[in-house]
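Pasted below: upload.txt, compact mmCIF, C-alpha atoms.
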# COMPACT_ATOMS: atom_id res chain seq x y z
CA GLN A 1 151.44 97.77 192.08
CA VAL A 2 147.98 98.02 193.69
CA LEU A 3 146.27 96.65 190.59
CA PHE A 4 148.75 93.75 190.53
CA ASP A 5 148.15 93.01 194.19
CA LEU A 6 144.41 92.96 193.56
CA GLY A 7 144.86 90.56 190.65
CA TYR A 8 143.74 92.94 187.90
CA THR A 9 147.07 92.91 186.05
CA LYS A 10 149.56 90.15 185.25
CA HIS A 11 152.68 92.25 185.76
CA PRO A 12 153.84 94.20 188.84
CA GLU A 13 154.95 97.14 186.68
CA PRO A 14 152.45 98.63 184.17
CA PHE A 15 155.17 100.08 181.94
CA GLN A 16 158.26 98.49 180.41
CA LYS A 17 160.10 101.80 180.11
CA LEU A 18 160.06 105.10 181.97
CA VAL A 19 161.20 108.29 180.22
CA HIS A 20 161.53 111.56 182.10
CA GLN A 21 160.90 114.53 179.82
CA GLY A 22 162.93 117.68 180.27
CA MET A 23 161.49 120.81 181.80
CA ILE A 24 160.34 123.62 179.51
CA LEU A 25 161.70 126.88 180.83
CA GLY A 26 160.44 130.40 180.28
CA SER A 27 161.77 132.49 177.40
CA ASP A 28 164.28 133.99 179.87
CA GLY A 29 165.81 130.57 180.51
CA GLU A 30 164.41 130.41 184.02
CA LYS A 31 161.87 128.03 185.51
CA MET A 32 158.36 129.27 184.78
CA SER A 33 156.67 130.93 187.75
CA LYS A 34 154.06 133.61 188.31
CA SER A 35 156.51 135.63 190.39
CA ARG A 36 158.92 135.88 187.45
CA GLY A 37 156.11 136.66 185.04
CA ASN A 38 157.46 134.19 182.47
CA VAL A 39 154.59 131.68 182.44
CA VAL A 40 153.33 130.69 178.99
CA ASN A 41 149.68 129.66 178.83
CA PRO A 42 149.32 126.90 176.21
CA ASP A 43 145.70 127.90 175.67
CA ASP A 44 146.92 131.20 174.23
CA ILE A 45 149.10 129.37 171.70
CA VAL A 46 146.20 127.10 170.74
CA ASP A 47 143.88 130.09 170.27
CA ILE A 48 146.33 131.75 167.88
CA HIS A 49 147.99 128.86 166.02
CA GLY A 50 145.92 125.76 166.84
CA ALA A 51 146.56 122.64 168.91
CA ASP A 52 148.62 120.93 166.20
CA ALA A 53 151.09 123.81 166.08
CA LEU A 54 151.53 123.63 169.86
CA ARG A 55 152.11 119.85 169.73
CA LEU A 56 154.58 120.15 166.86
CA TYR A 57 156.56 122.95 168.46
CA GLU A 58 156.84 121.19 171.81
CA MET A 59 158.22 118.10 170.09
CA PHE A 60 160.44 120.10 167.72
CA MET A 61 162.11 122.17 170.47
CA GLY A 62 164.77 119.55 171.11
CA PRO A 63 165.41 116.09 172.58
CA LEU A 64 162.59 114.87 174.82
CA GLU A 65 164.81 114.54 177.90
CA ALA A 66 166.51 117.94 177.49
CA VAL A 67 165.69 121.12 179.39
CA LYS A 68 164.53 123.68 176.82
CA PRO A 69 163.57 127.38 176.92
CA TRP A 70 160.25 128.34 175.35
CA GLN A 71 160.43 130.76 172.42
CA THR A 72 156.98 131.84 171.22
CA LYS A 73 158.39 133.45 168.06
CA GLN A 74 159.69 130.09 166.90
CA VAL A 75 156.20 128.59 166.78
CA SER A 76 155.82 130.29 163.40
CA GLY A 77 158.37 127.84 162.01
CA VAL A 78 156.15 124.79 162.54
CA VAL A 79 153.14 126.80 161.33
CA ARG A 80 154.95 127.34 158.02
CA PHE A 81 155.67 123.62 157.89
CA GLN A 82 151.97 122.86 158.38
CA ASN A 83 151.01 125.30 155.64
CA LYS A 84 153.55 123.87 153.20
CA LEU A 85 152.34 120.35 153.84
CA PHE A 86 148.72 121.39 153.35
CA ASN A 87 149.64 123.14 150.08
CA VAL A 88 151.36 119.97 148.85
CA VAL A 89 148.19 117.98 149.50
CA GLN A 90 146.04 120.63 147.83
CA SER A 91 148.30 120.50 144.78
CA VAL A 92 147.73 116.75 144.45
CA VAL A 93 143.97 117.17 144.80
CA GLN A 94 143.71 120.10 142.37
CA ASN A 95 145.86 118.48 139.68
CA ASP A 96 144.14 115.12 140.19
CA SER A 97 147.31 113.49 138.93
CA ASP A 98 148.77 110.06 139.60
CA ALA A 99 152.23 111.17 138.61
CA GLU A 100 154.97 108.59 138.99
CA MET A 101 157.78 109.34 141.41
CA ASP A 102 161.20 110.05 140.02
CA ALA A 103 164.25 108.36 141.49
CA GLU A 104 165.20 111.31 143.70
CA THR A 105 161.73 111.66 145.23
CA THR A 106 161.49 107.91 145.79
CA LYS A 107 164.81 107.89 147.62
CA ILE A 108 163.96 110.89 149.80
CA LEU A 109 160.54 109.41 150.64
CA HIS A 110 161.91 106.03 151.73
CA LYS A 111 164.75 107.62 153.71
CA THR A 112 162.18 109.82 155.46
CA MET A 113 159.90 106.87 156.25
CA LYS A 114 162.87 105.00 157.73
CA LYS A 115 164.02 108.01 159.73
CA VAL A 116 160.58 108.84 161.13
CA THR A 117 159.85 105.20 161.98
CA GLU A 118 163.11 104.79 163.88
CA ASP A 119 162.83 108.18 165.57
CA VAL A 120 159.29 107.49 166.80
CA GLU A 121 160.52 104.23 168.33
CA SER A 122 163.37 106.04 170.09
CA MET A 123 161.19 109.06 170.98
CA SER A 124 163.44 111.37 168.96
CA PHE A 125 160.46 113.43 167.87
CA ASN A 126 162.41 116.57 167.01
CA THR A 127 164.53 114.85 164.36
CA ALA A 128 161.49 113.00 162.99
CA ILE A 129 159.76 116.32 162.40
CA SER A 130 162.94 117.70 160.83
CA ALA A 131 163.01 114.77 158.37
CA MET A 132 159.39 115.43 157.38
CA MET A 133 160.23 119.10 156.83
CA VAL A 134 162.97 118.07 154.39
CA LEU A 135 160.54 115.85 152.46
CA THR A 136 157.90 118.59 152.44
CA ASN A 137 160.40 121.11 151.08
CA HIS A 138 161.37 118.67 148.33
CA LEU A 139 157.74 118.14 147.31
CA THR A 140 157.22 121.90 147.40
CA SER A 141 160.16 122.33 145.03
CA LEU A 142 158.42 119.99 142.58
CA MET A 143 155.42 122.31 142.61
CA LYS A 144 157.64 125.33 141.92
CA ASP A 145 159.19 123.48 138.96
CA GLN A 146 155.69 122.80 137.60
CA VAL A 147 156.09 119.08 138.29
CA SER A 148 153.09 117.15 139.63
CA VAL A 149 153.50 115.93 143.19
CA PRO A 150 153.08 112.12 143.31
CA ARG A 151 149.95 111.16 145.25
CA GLU A 152 151.77 108.28 146.94
CA ALA A 153 154.39 110.64 148.37
CA ALA A 154 151.73 113.02 149.69
CA GLU A 155 149.73 110.22 151.30
CA LYS A 156 152.79 108.70 152.99
CA LEU A 157 153.74 112.14 154.31
CA VAL A 158 150.24 112.67 155.73
CA LEU A 159 150.36 109.28 157.46
CA MET A 160 153.72 110.13 159.02
CA VAL A 161 152.67 113.54 160.27
CA SER A 162 149.39 112.32 161.78
CA PRO A 163 150.79 111.22 165.18
CA PHE A 164 152.40 114.66 165.55
CA ALA A 165 149.58 116.79 164.11
CA PRO A 166 146.42 114.64 164.16
CA HIS A 167 143.99 117.37 163.07
CA LEU A 168 146.13 118.30 160.08
CA GLY A 169 146.59 114.64 159.23
CA GLU A 170 142.87 113.85 159.27
CA GLU A 171 141.97 116.91 157.20
CA CYS A 172 144.60 116.18 154.57
CA TRP A 173 143.63 112.50 154.47
CA ASN A 174 140.02 113.51 153.83
CA LEU A 175 141.08 115.95 151.11
CA LEU A 176 142.92 113.12 149.37
CA GLY A 177 139.58 111.35 148.97
CA HIS A 178 139.59 108.91 151.87
CA GLU A 179 136.33 108.55 153.78
CA ASP A 180 137.67 106.50 156.70
CA SER A 181 139.96 107.92 159.36
CA LEU A 182 143.67 107.42 158.78
CA ALA A 183 143.77 106.00 162.29
CA TYR A 184 142.77 102.68 160.71
CA GLN A 185 145.59 102.78 158.17
CA PRO A 186 148.77 100.73 158.68
CA TRP A 187 152.01 102.58 159.37
CA VAL A 188 154.28 103.38 156.43
CA GLU A 189 156.80 100.79 155.27
CA TYR A 190 160.12 101.59 153.65
CA ASP A 191 162.48 99.68 151.38
CA GLU A 192 165.89 99.42 153.03
CA ALA A 193 167.59 99.19 149.64
CA LEU A 194 166.19 102.59 148.67
CA CYS A 195 167.56 104.16 151.85
CA ILE A 196 171.17 103.51 150.89
CA ASP A 197 173.01 106.31 149.11
CA ASN A 198 174.95 105.26 146.04
CA THR A 199 176.62 108.65 145.80
CA VAL A 200 178.37 110.85 148.32
CA LYS A 201 179.13 114.56 148.54
CA MET A 202 182.67 115.45 149.48
CA GLY A 203 184.77 118.57 149.74
CA VAL A 204 187.57 119.35 147.34
CA GLN A 205 190.63 121.09 148.73
CA VAL A 206 193.45 122.78 146.89
CA ASN A 207 196.58 123.09 149.01
CA GLY A 208 194.58 122.36 152.14
CA LYS A 209 191.83 124.94 151.57
CA THR A 210 188.31 123.92 150.58
CA ARG A 211 187.50 125.25 147.14
CA GLY A 212 184.39 123.32 146.18
CA GLU A 213 182.26 120.23 146.52
CA ILE A 214 181.55 117.28 144.25
CA GLU A 215 179.06 114.44 144.25
CA ILE A 216 180.42 111.12 143.06
CA ALA A 217 179.79 107.39 143.41
CA LYS A 218 180.87 105.95 146.74
CA ASP A 219 183.32 103.63 145.04
CA ALA A 220 184.69 106.20 142.58
CA ASP A 221 188.44 105.98 142.04
CA GLN A 222 190.89 108.87 142.23
CA GLU A 223 190.84 109.47 138.50
CA GLY A 224 187.06 109.81 138.49
CA ALA A 225 187.11 112.11 141.50
CA MET A 226 189.71 114.35 139.84
CA ALA A 227 187.66 114.51 136.66
CA GLU A 228 184.62 115.71 138.59
CA ALA A 229 186.69 118.16 140.60
CA MET A 230 188.00 119.81 137.44
CA LYS A 231 184.38 120.54 136.44
CA VAL A 232 184.07 122.81 139.47
CA THR A 233 185.09 126.30 138.35
CA SER A 234 186.48 127.40 141.71
CA VAL A 235 188.67 124.29 141.86
CA PHE A 236 189.82 124.51 138.24
CA ASN A 237 190.83 128.16 138.65
CA GLN A 238 193.08 127.25 141.59
CA VAL A 239 194.80 124.45 139.67
CA ASP A 240 194.93 125.84 136.14
CA GLY A 241 198.47 126.51 134.98
CA LYS A 242 200.01 124.85 138.02
CA ASP A 243 201.87 121.58 138.44
CA VAL A 244 199.93 119.03 140.49
CA LYS A 245 202.53 117.67 142.89
CA LYS A 246 200.33 115.32 144.89
CA VAL A 247 196.74 114.16 145.25
CA ILE A 248 195.40 112.98 148.58
CA TYR A 249 192.20 111.05 148.02
CA VAL A 250 190.16 109.31 150.71
CA PRO A 251 187.07 107.76 149.03
CA GLY A 252 183.85 109.22 150.33
CA ARG A 253 185.61 111.74 152.56
CA ILE A 254 187.98 114.19 150.92
CA LEU A 255 190.04 115.10 147.86
CA ASN A 256 193.04 117.36 148.45
CA ILE A 257 195.05 118.56 145.46
CA ILE A 258 198.55 119.85 146.12
CA ALA A 259 199.50 122.19 143.27
CA LYS A 260 202.42 124.60 142.87
Transcribe the structure of this file into structure tokens.
Amino acid sequence: QVLFDLGYTKHPEPFQKLVHQGMILGSDGEKMSKSRGNVVNPDDIVDIHGADALRLYEMFMGPLEAVKPWQTKQVSGVVRFQNKLFNVVQSVVQNDSDAEMDAETTKILHKTMKKVTEDVESMSFNTAISAMMVLTNHLTSLMKDQVSVPREAAEKLVLMVSPFAPHLGEECWNLLGHEDSLAYQPWVEYDEALCIDNTVKMGVQVNGKTRGEIEIAKDADQEGAMAEAMKVTSVFNQVDGKDVKKVIYVPGRILNIIAK
């Protein structure tokens, strides 16, 4: 308001939106205080795990506005995430491969880019980090299956993680052969069409009890759903030799087989 009154700014309020972040409590669920002996010194966390790990954990603890208890042991979770991501990048560099992305990886990548983009806008940092963890685990699974990690997927992941873990982001970006800082790179862009699932997973019940799960096209008819359900051993064993009295099928939600 003072700067506006002096003529230095054009608007009376410097910010368009005010967000109050929740308090971080001690590990005992109480407000941190010296008298309780539950104060956590962030410098200690930085000395052990690094500044990026501290940043990631604080954002991953829960919704920004929520009150959350600090749990030092859980910091190791984001440290593992950092290590996995770094290993993914190292794999791309060591194999020096421009492998093409398969359909599954492409879909997961674009869904992650959409999720992280939207979550950053809404300040839902915890779920953005969770989405990147899912992508990182998928790329790690490619390494375990002796499949080359696509460079494009690794680079997009590094760009997304950089606002959350800037030191890790810059180091990985440099390892990937880029001389300039990723701070000058444009934000990732996703294809909305690739973010739409054409298939859906749904539970299969026999006489009201869940016996298995199938993955079918969203618009699959009852006959197709039943055919897939019979491929599931646990479902087939419950129906085999019995008379199917009724089938309750709600596309995309549930398949319930009534058999006597």
Exercise. How many Å separate CA of Asn87 (chain A) from CA of Asp119 (chain A)?
Worked result: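 Taking CA of Asn87 (chain A) as the start and CA of Asp119 (chain A) as the end point, the length is 25.3 Å.
The shell of residues at most 10 Å from Met230 (chain A), with all atoms listed in the file counted and near chain neighbours (fewer than 5 positions) removed, consists of Val204, Ile214, Ala225, Val235, Phe236, Asn237, Gln238, Val239 and Asp240 of chain A.
Each of A:Ser130, A:His110, A:Asp96, A:Asn207 was compared to Ser148 (chain A) using only C-alpha atoms, and A:Asp96 turns out to be the nearest.
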For this session: Using only C-alpha atoms, determine which residues lie at most 12 Å from Ala103 (chain A), disregarding the query and same-chain residues fewer than 5 positions distant; provide the list as a PyMOL selection string.
Result: chain A and resi 108-110+150+194-195+197
Exercise. Hey, can you pull every residue with an atom no more than 8 Å from (154.6, 114.1, 163.3), using all atoms listed in the file, and send it as a ChimeraX atom specification?
Worked result: /A:56,125,128-129,132,160-165
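You will find CA of Glu30 (chain A) at 23.7 Å from CA of Val78 (chain A).
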Problem set entry | Point-to-point distance from CA of Lys156 (chain A) to CA of Val46 (chain A), Å rounded to tenths | 26.4 Å
Output as lines of an AutoDock Vina configuration file the centre and edge lengths (Å, one decimal) of the box along x, y and z of the file that holds every listed atom of region 28-45 of chain A after adding 5 Å on each side.
center_x = 155.8
center_y = 131.8
center_z = 181.0
size_x = 30.1
size_y = 19.8
size_z = 28.7
Exercise. Taking into account only C-alpha atoms, which residue in the set A:Val206, A:Val93, A:Val79, A:Val149 is nearest to Met133 (chain A)?
Worked result: A:Val79
Exercise. Out of A:Gln205, A:Ser27, A:Gln21, A:Gln82, which residue has the shortest atom-to-atom distance to Trp70 (chain A) when counting all atoms listed in the file?
Worked result: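 Among the listed residues, A:Ser27 lies closest to Trp70 (chain A).
Counting only C-alpha atoms and comparing A:Val232, A:Ile45, A:Ala193, A:Val116, the residue that lies closest to Val134 (chain A) is A:Val116.
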Exercise. Between A:Glu121, A:Glu155, A:Asp221, A:Glu100, which is the closest to Val250 (chain A) once you count all atoms listed in the file?
Worked result: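 For Val250 (chain A), the nearest of the given residues is A:Asp221.
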For this session: List the neighbours of Glu170 (chain A) out to 9 Å using all atoms listed in the file; skip same-chain residues closer than 5 positions along the sequence, and give me the result as number ranges by chain.
Result: A: 158-159, 162, 165, 175, 181-183
Exercise. If we count all atoms listed in the file, what is near Pro42 (chain A) at a cut-off of 9 Å, once residues fewer than 4 positions away on the same chain are taken out, given as a PyMOL selection string?
Worked result: chain A and resi 46-47+51+54
Exercise. What's the 9 Å shell around Leu85 (chain A), counting all atoms listed in the file, without same-chain residues fewer than 5 positions away, as a list of chain:residue names?
Worked result: A:Arg80, A:Gln90, A:Met133, A:Thr136, A:Asn137, A:Leu139, A:Thr140, A:Ala154, A:Leu157, A:Val158, A:Cys172
Problem set entry | Within 6 Å of file point (200.7, 126.6, 142.9), counting all atoms listed in the file, expressed as a list in words | Lys242, Ala259 and Lys260 of chain A
Save out the residues we just selected, C-alpha atoms, as a PDB file, in the coordinates of the input.
ATOM      1  CA  LYS A 242     200.010 124.850 138.020  1.00  0.00           C
ATOM      2  CA  ALA A 259     199.500 122.190 143.270  1.00  0.00           C
ATOM      3  CA  LYS A 260     202.420 124.600 142.870  1.00  0.00           C
TER       4      LYS A 260
END
Exercise. From the list A:Gly224, A:Gly212, A:Pro69, A:Pro186, which residue is nearest Lys31 (chain A) when using all atoms listed in the file?
Worked result: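 Closest to Lys31 (chain A), using all atoms listed in the file: A:Pro69.
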